[in-house]
$ cat target_10.txt   # compact mmCIF, N, CA and C atoms
# COMPACT_ATOMS: atom_id res chain seq x y z
N MET A 14 -84.63 52.93 149.62
CA MET A 14 -83.79 54.09 149.84
C MET A 14 -82.32 53.72 149.83
N LYS A 15 -82.00 52.51 149.59
CA LYS A 15 -80.62 52.07 149.62
C LYS A 15 -79.73 52.91 148.70
N HIS A 16 -80.24 53.30 147.56
CA HIS A 16 -79.43 54.05 146.61
C HIS A 16 -79.11 55.46 147.08
N TYR A 17 -79.71 55.94 148.16
CA TYR A 17 -79.40 57.26 148.70
C TYR A 17 -78.22 57.23 149.66
N GLN A 18 -77.66 56.05 149.90
CA GLN A 18 -76.47 55.89 150.74
C GLN A 18 -76.68 56.37 152.17
N ARG A 19 -77.86 56.18 152.70
CA ARG A 19 -78.13 56.51 154.09
C ARG A 19 -78.01 55.25 154.93
N ARG A 20 -77.51 55.42 156.13
CA ARG A 20 -77.45 54.31 157.07
C ARG A 20 -78.88 53.91 157.43
N LYS A 21 -79.16 52.62 157.44
CA LYS A 21 -80.51 52.14 157.67
C LYS A 21 -80.80 52.07 159.17
N CYS A 22 -81.10 53.25 159.74
CA CYS A 22 -81.47 53.35 161.14
C CYS A 22 -82.36 54.58 161.29
N CYS A 23 -83.05 54.66 162.40
CA CYS A 23 -83.92 55.81 162.65
C CYS A 23 -83.08 57.08 162.69
N ALA A 24 -83.48 58.06 161.93
CA ALA A 24 -82.74 59.32 161.86
C ALA A 24 -82.81 60.11 163.17
N LEU A 25 -83.73 59.73 164.05
CA LEU A 25 -83.88 60.48 165.29
C LEU A 25 -83.28 59.78 166.51
N CYS A 26 -83.28 58.44 166.52
CA CYS A 26 -82.79 57.75 167.72
C CYS A 26 -81.75 56.66 167.42
N ASP A 27 -81.42 56.45 166.16
CA ASP A 27 -80.42 55.45 165.74
C ASP A 27 -80.85 54.00 165.93
N PHE A 28 -82.10 53.75 166.27
CA PHE A 28 -82.60 52.37 166.37
C PHE A 28 -82.46 51.72 164.99
N ASP A 29 -81.88 50.53 164.94
CA ASP A 29 -81.63 49.91 163.63
C ASP A 29 -82.18 48.50 163.48
N GLN A 30 -82.96 48.03 164.44
CA GLN A 30 -83.52 46.68 164.33
C GLN A 30 -84.68 46.61 163.36
N TYR A 31 -85.43 47.69 163.25
CA TYR A 31 -86.55 47.76 162.31
C TYR A 31 -86.82 49.24 162.04
N VAL A 32 -86.80 49.60 160.78
CA VAL A 32 -87.11 50.98 160.40
C VAL A 32 -88.13 50.99 159.27
N GLU A 33 -88.79 52.12 159.14
CA GLU A 33 -89.77 52.33 158.08
C GLU A 33 -89.35 53.55 157.29
N VAL A 34 -89.72 53.57 156.03
CA VAL A 34 -89.46 54.74 155.19
C VAL A 34 -90.64 55.69 155.36
N CYS A 35 -90.34 56.90 155.75
CA CYS A 35 -91.37 57.90 156.01
C CYS A 35 -91.28 59.02 154.97
N HIS A 36 -92.43 59.44 154.47
CA HIS A 36 -92.49 60.61 153.58
C HIS A 36 -92.58 61.86 154.45
N VAL A 37 -91.66 62.78 154.27
CA VAL A 37 -91.67 64.03 155.03
C VAL A 37 -92.92 64.83 154.67
N ILE A 38 -93.15 65.00 153.39
CA ILE A 38 -94.39 65.60 152.89
C ILE A 38 -95.27 64.43 152.48
N PRO A 39 -96.45 64.29 153.09
CA PRO A 39 -97.31 63.15 152.78
C PRO A 39 -97.67 63.06 151.29
N ILE A 40 -97.80 61.84 150.81
CA ILE A 40 -98.15 61.60 149.41
C ILE A 40 -99.43 62.35 149.06
N SER A 41 -100.37 62.39 149.98
CA SER A 41 -101.66 63.04 149.71
C SER A 41 -101.55 64.54 149.48
N LYS A 42 -100.44 65.15 149.87
CA LYS A 42 -100.25 66.60 149.70
C LYS A 42 -99.71 66.96 148.32
N PHE A 43 -99.29 65.97 147.56
CA PHE A 43 -98.77 66.23 146.22
C PHE A 43 -99.92 66.28 145.22
N PRO A 44 -99.79 67.10 144.18
CA PRO A 44 -100.83 67.11 143.15
C PRO A 44 -100.82 65.79 142.38
N GLU A 45 -101.93 65.46 141.77
CA GLU A 45 -102.03 64.21 141.00
C GLU A 45 -101.01 64.16 139.87
N THR A 46 -100.54 65.31 139.43
CA THR A 46 -99.59 65.37 138.32
C THR A 46 -98.14 65.20 138.76
N ALA A 47 -97.91 65.10 140.07
CA ALA A 47 -96.54 64.96 140.59
C ALA A 47 -95.93 63.65 140.10
N LEU A 48 -94.66 63.71 139.79
CA LEU A 48 -93.92 62.53 139.35
C LEU A 48 -93.45 61.72 140.56
N MET A 49 -93.29 60.43 140.37
CA MET A 49 -92.82 59.56 141.47
C MET A 49 -91.46 60.00 142.00
N GLY A 50 -90.61 60.50 141.11
CA GLY A 50 -89.30 60.97 141.53
C GLY A 50 -89.39 62.17 142.46
N GLU A 51 -90.45 62.92 142.33
CA GLU A 51 -90.69 64.07 143.20
C GLU A 51 -91.22 63.61 144.56
N VAL A 52 -92.22 62.73 144.53
CA VAL A 52 -92.84 62.21 145.75
C VAL A 52 -91.83 61.40 146.56
N ASN A 53 -91.02 60.60 145.87
CA ASN A 53 -90.04 59.73 146.53
C ASN A 53 -88.62 60.27 146.40
N GLY A 54 -88.48 61.57 146.28
CA GLY A 54 -87.17 62.19 146.17
C GLY A 54 -86.39 62.11 147.47
N LYS A 55 -85.09 62.24 147.37
CA LYS A 55 -84.19 62.12 148.52
C LYS A 55 -84.58 63.04 149.67
N LYS A 56 -85.02 64.23 149.38
CA LYS A 56 -85.37 65.19 150.43
C LYS A 56 -86.74 64.93 151.04
N ASN A 57 -87.48 63.95 150.49
CA ASN A 57 -88.80 63.66 151.03
C ASN A 57 -88.89 62.29 151.71
N LEU A 58 -87.78 61.56 151.78
CA LEU A 58 -87.79 60.24 152.41
C LEU A 58 -86.80 60.20 153.55
N ILE A 59 -87.20 59.56 154.63
CA ILE A 59 -86.31 59.43 155.78
C ILE A 59 -86.63 58.11 156.49
N TYR A 60 -85.61 57.47 157.03
CA TYR A 60 -85.82 56.27 157.84
C TYR A 60 -86.21 56.68 159.25
N LEU A 61 -87.29 56.08 159.76
CA LEU A 61 -87.70 56.29 161.15
C LEU A 61 -88.09 54.96 161.76
N CYS A 62 -87.86 54.82 163.06
CA CYS A 62 -88.35 53.64 163.77
C CYS A 62 -89.88 53.76 163.82
N PRO A 63 -90.58 52.66 164.07
CA PRO A 63 -92.05 52.72 164.10
C PRO A 63 -92.60 53.77 165.09
N ASN A 64 -91.95 53.92 166.24
CA ASN A 64 -92.43 54.89 167.22
C ASN A 64 -92.32 56.31 166.69
N HIS A 65 -91.14 56.69 166.18
CA HIS A 65 -90.97 58.04 165.67
C HIS A 65 -91.81 58.28 164.41
N HIS A 66 -91.99 57.25 163.60
CA HIS A 66 -92.83 57.39 162.39
C HIS A 66 -94.26 57.75 162.81
N LYS A 67 -94.80 57.01 163.76
CA LYS A 67 -96.17 57.27 164.23
C LYS A 67 -96.28 58.65 164.88
N LEU A 68 -95.29 59.00 165.70
CA LEU A 68 -95.29 60.32 166.33
C LEU A 68 -95.22 61.44 165.30
N PHE A 69 -94.39 61.27 164.28
CA PHE A 69 -94.28 62.28 163.22
C PHE A 69 -95.60 62.40 162.46
N ASP A 70 -96.16 61.27 162.06
CA ASP A 70 -97.43 61.29 161.32
C ASP A 70 -98.57 61.88 162.17
N SER A 71 -98.46 61.79 163.49
CA SER A 71 -99.48 62.34 164.38
C SER A 71 -99.24 63.81 164.72
N GLY A 72 -98.14 64.37 164.21
CA GLY A 72 -97.83 65.77 164.47
C GLY A 72 -97.10 66.01 165.77
N LEU A 73 -96.61 64.96 166.42
CA LEU A 73 -95.94 65.09 167.71
C LEU A 73 -94.42 65.23 167.59
N VAL A 74 -93.88 65.05 166.40
CA VAL A 74 -92.48 65.33 166.12
C VAL A 74 -92.50 66.46 165.09
N PRO A 75 -91.91 67.60 165.41
CA PRO A 75 -91.95 68.74 164.48
C PRO A 75 -91.23 68.43 163.17
N LYS A 76 -91.80 68.92 162.09
CA LYS A 76 -91.19 68.74 160.77
C LYS A 76 -89.78 69.33 160.74
N THR A 77 -89.54 70.38 161.50
CA THR A 77 -88.21 70.99 161.53
C THR A 77 -87.17 70.01 162.08
N ARG A 78 -87.57 69.16 163.02
CA ARG A 78 -86.65 68.15 163.57
C ARG A 78 -86.30 67.11 162.50
N ILE A 79 -87.28 66.75 161.69
CA ILE A 79 -87.05 65.80 160.59
C ILE A 79 -86.14 66.43 159.54
N GLU A 80 -86.40 67.68 159.19
CA GLU A 80 -85.59 68.38 158.20
C GLU A 80 -84.15 68.52 158.67
N LEU A 81 -83.96 68.77 159.96
CA LEU A 81 -82.62 68.85 160.53
C LEU A 81 -81.90 67.51 160.40
N ALA A 82 -82.61 66.43 160.68
CA ALA A 82 -82.02 65.09 160.55
C ALA A 82 -81.65 64.79 159.11
N LEU A 83 -82.44 65.28 158.16
CA LEU A 83 -82.15 65.07 156.73
C LEU A 83 -80.90 65.81 156.29
N SER A 84 -80.61 66.93 156.94
CA SER A 84 -79.46 67.74 156.53
C SER A 84 -78.13 67.20 157.03
N ASP A 85 -78.17 66.24 157.97
CA ASP A 85 -76.92 65.65 158.51
C ASP A 85 -76.19 64.86 157.47
$ encode --input "target_10.txt" --output "structure tokens"
Amino acid sequence: MKHYQRRKCCALCDFDQYVEVCHVIPISKFPETALMGEVNGKKNLIYLCPNHHKLFDSGLVPKTRIELALSD
């Protein structure tokens, strides 16, 4: 995600020692015909710390909170 010019820290808590790239819309939700540029597009990738990534994937962080962080 370096080419998107985002600071490499969790978009929710600013933790920057270790972050993971999270898909806002899971890869499994895209049709098989989707292009990689669509799946890995700027609006579908966000840096999250491991804790927030797991919470988001478990449905405990609302997608609206992630979308708000992406709009900053």
$ select_by_dssp --input "target_10.txt" --residues "chain A" --states "strand (DSSP E)" --output "list in words"
Glu33, Val34, Cys35, His36, Leu58, Ile59, Tyr60 and Leu61 of chain A
$ residues_around --input "target_10.txt" --residues "Gln30 of chain A" --least-positions-apart "6" --cutoff "10 Å" --atoms "only C-alpha atoms" --output "PyMOL selection string"
chain A and resi 21-23+62
$ closest_residue --input "target_10.txt" --among "A:Ala47, A:Ile59, A:Pro75, A:Leu68" --to "Glu33 of chain A" --atoms "all atoms listed in the file"
A:Ile59
$ atom_distance --input "target_10.txt" --atom1 "atom CA of His65 of chain A" --atom2 "atom C of Glu51 of chain A"
21.8 Å
$ residues_around --input "target_10.txt" --residues "Ile38 of chain A" --least-positions-apart "3" --cutoff "12 Å" --atoms "only C-alpha atoms" --output "list in words"
Cys35, Ser41, Lys42, Phe43, Pro44, Glu51, Val52, Asn53, Gly54, Lys55, Lys56, Asn57, Leu58, Ile59, Phe69, Asp70, Lys76, Thr77, Ile79 and Glu80 of chain A
$ axis_aligned_box --input "target_10.txt" --around "segment 33-36 of chain A" --padding-each-side "5 Å" --output "AutoDock Vina command-line options"
--center_x -90.7 --center_y 57.0 --center_z 156.4 --size_x 13.8 --size_y 19.7 --size_z 15.6
$ atom_distance --input "target_10.txt" --atom1 "atom C of Arg20 of chain A" --atom2 "atom CA of Tyr60 of chain A"
7.3 Å
$ residues_near_point --input "target_10.txt" --point "(-91.1, 50.6, 158.9)" --cutoff "7 Å" --atoms "all atoms listed in the file" --output "PyMOL selection string"
chain A and resi 31-34+61-63
$ atom_distance --input "target_10.txt" --atom1 "atom CA of Ser71 of chain A" --atom2 "atom N of Asp29 of chain A"
21.2 Å
$ select_by_dssp --input "target_10.txt" --residues "segment 21-83 of chain A" --states "alpha helix (DSSP H)" --output "list of chain:residue names"
A:Met49, A:Gly50, A:Glu51, A:Val52, A:Pro63, A:Asn64, A:His65, A:His66, A:Lys67, A:Leu68, A:Phe69, A:Asp70, A:Lys76, A:Thr77, A:Arg78, A:Ile79, A:Glu80, A:Leu81, A:Ala82, A:Leu83
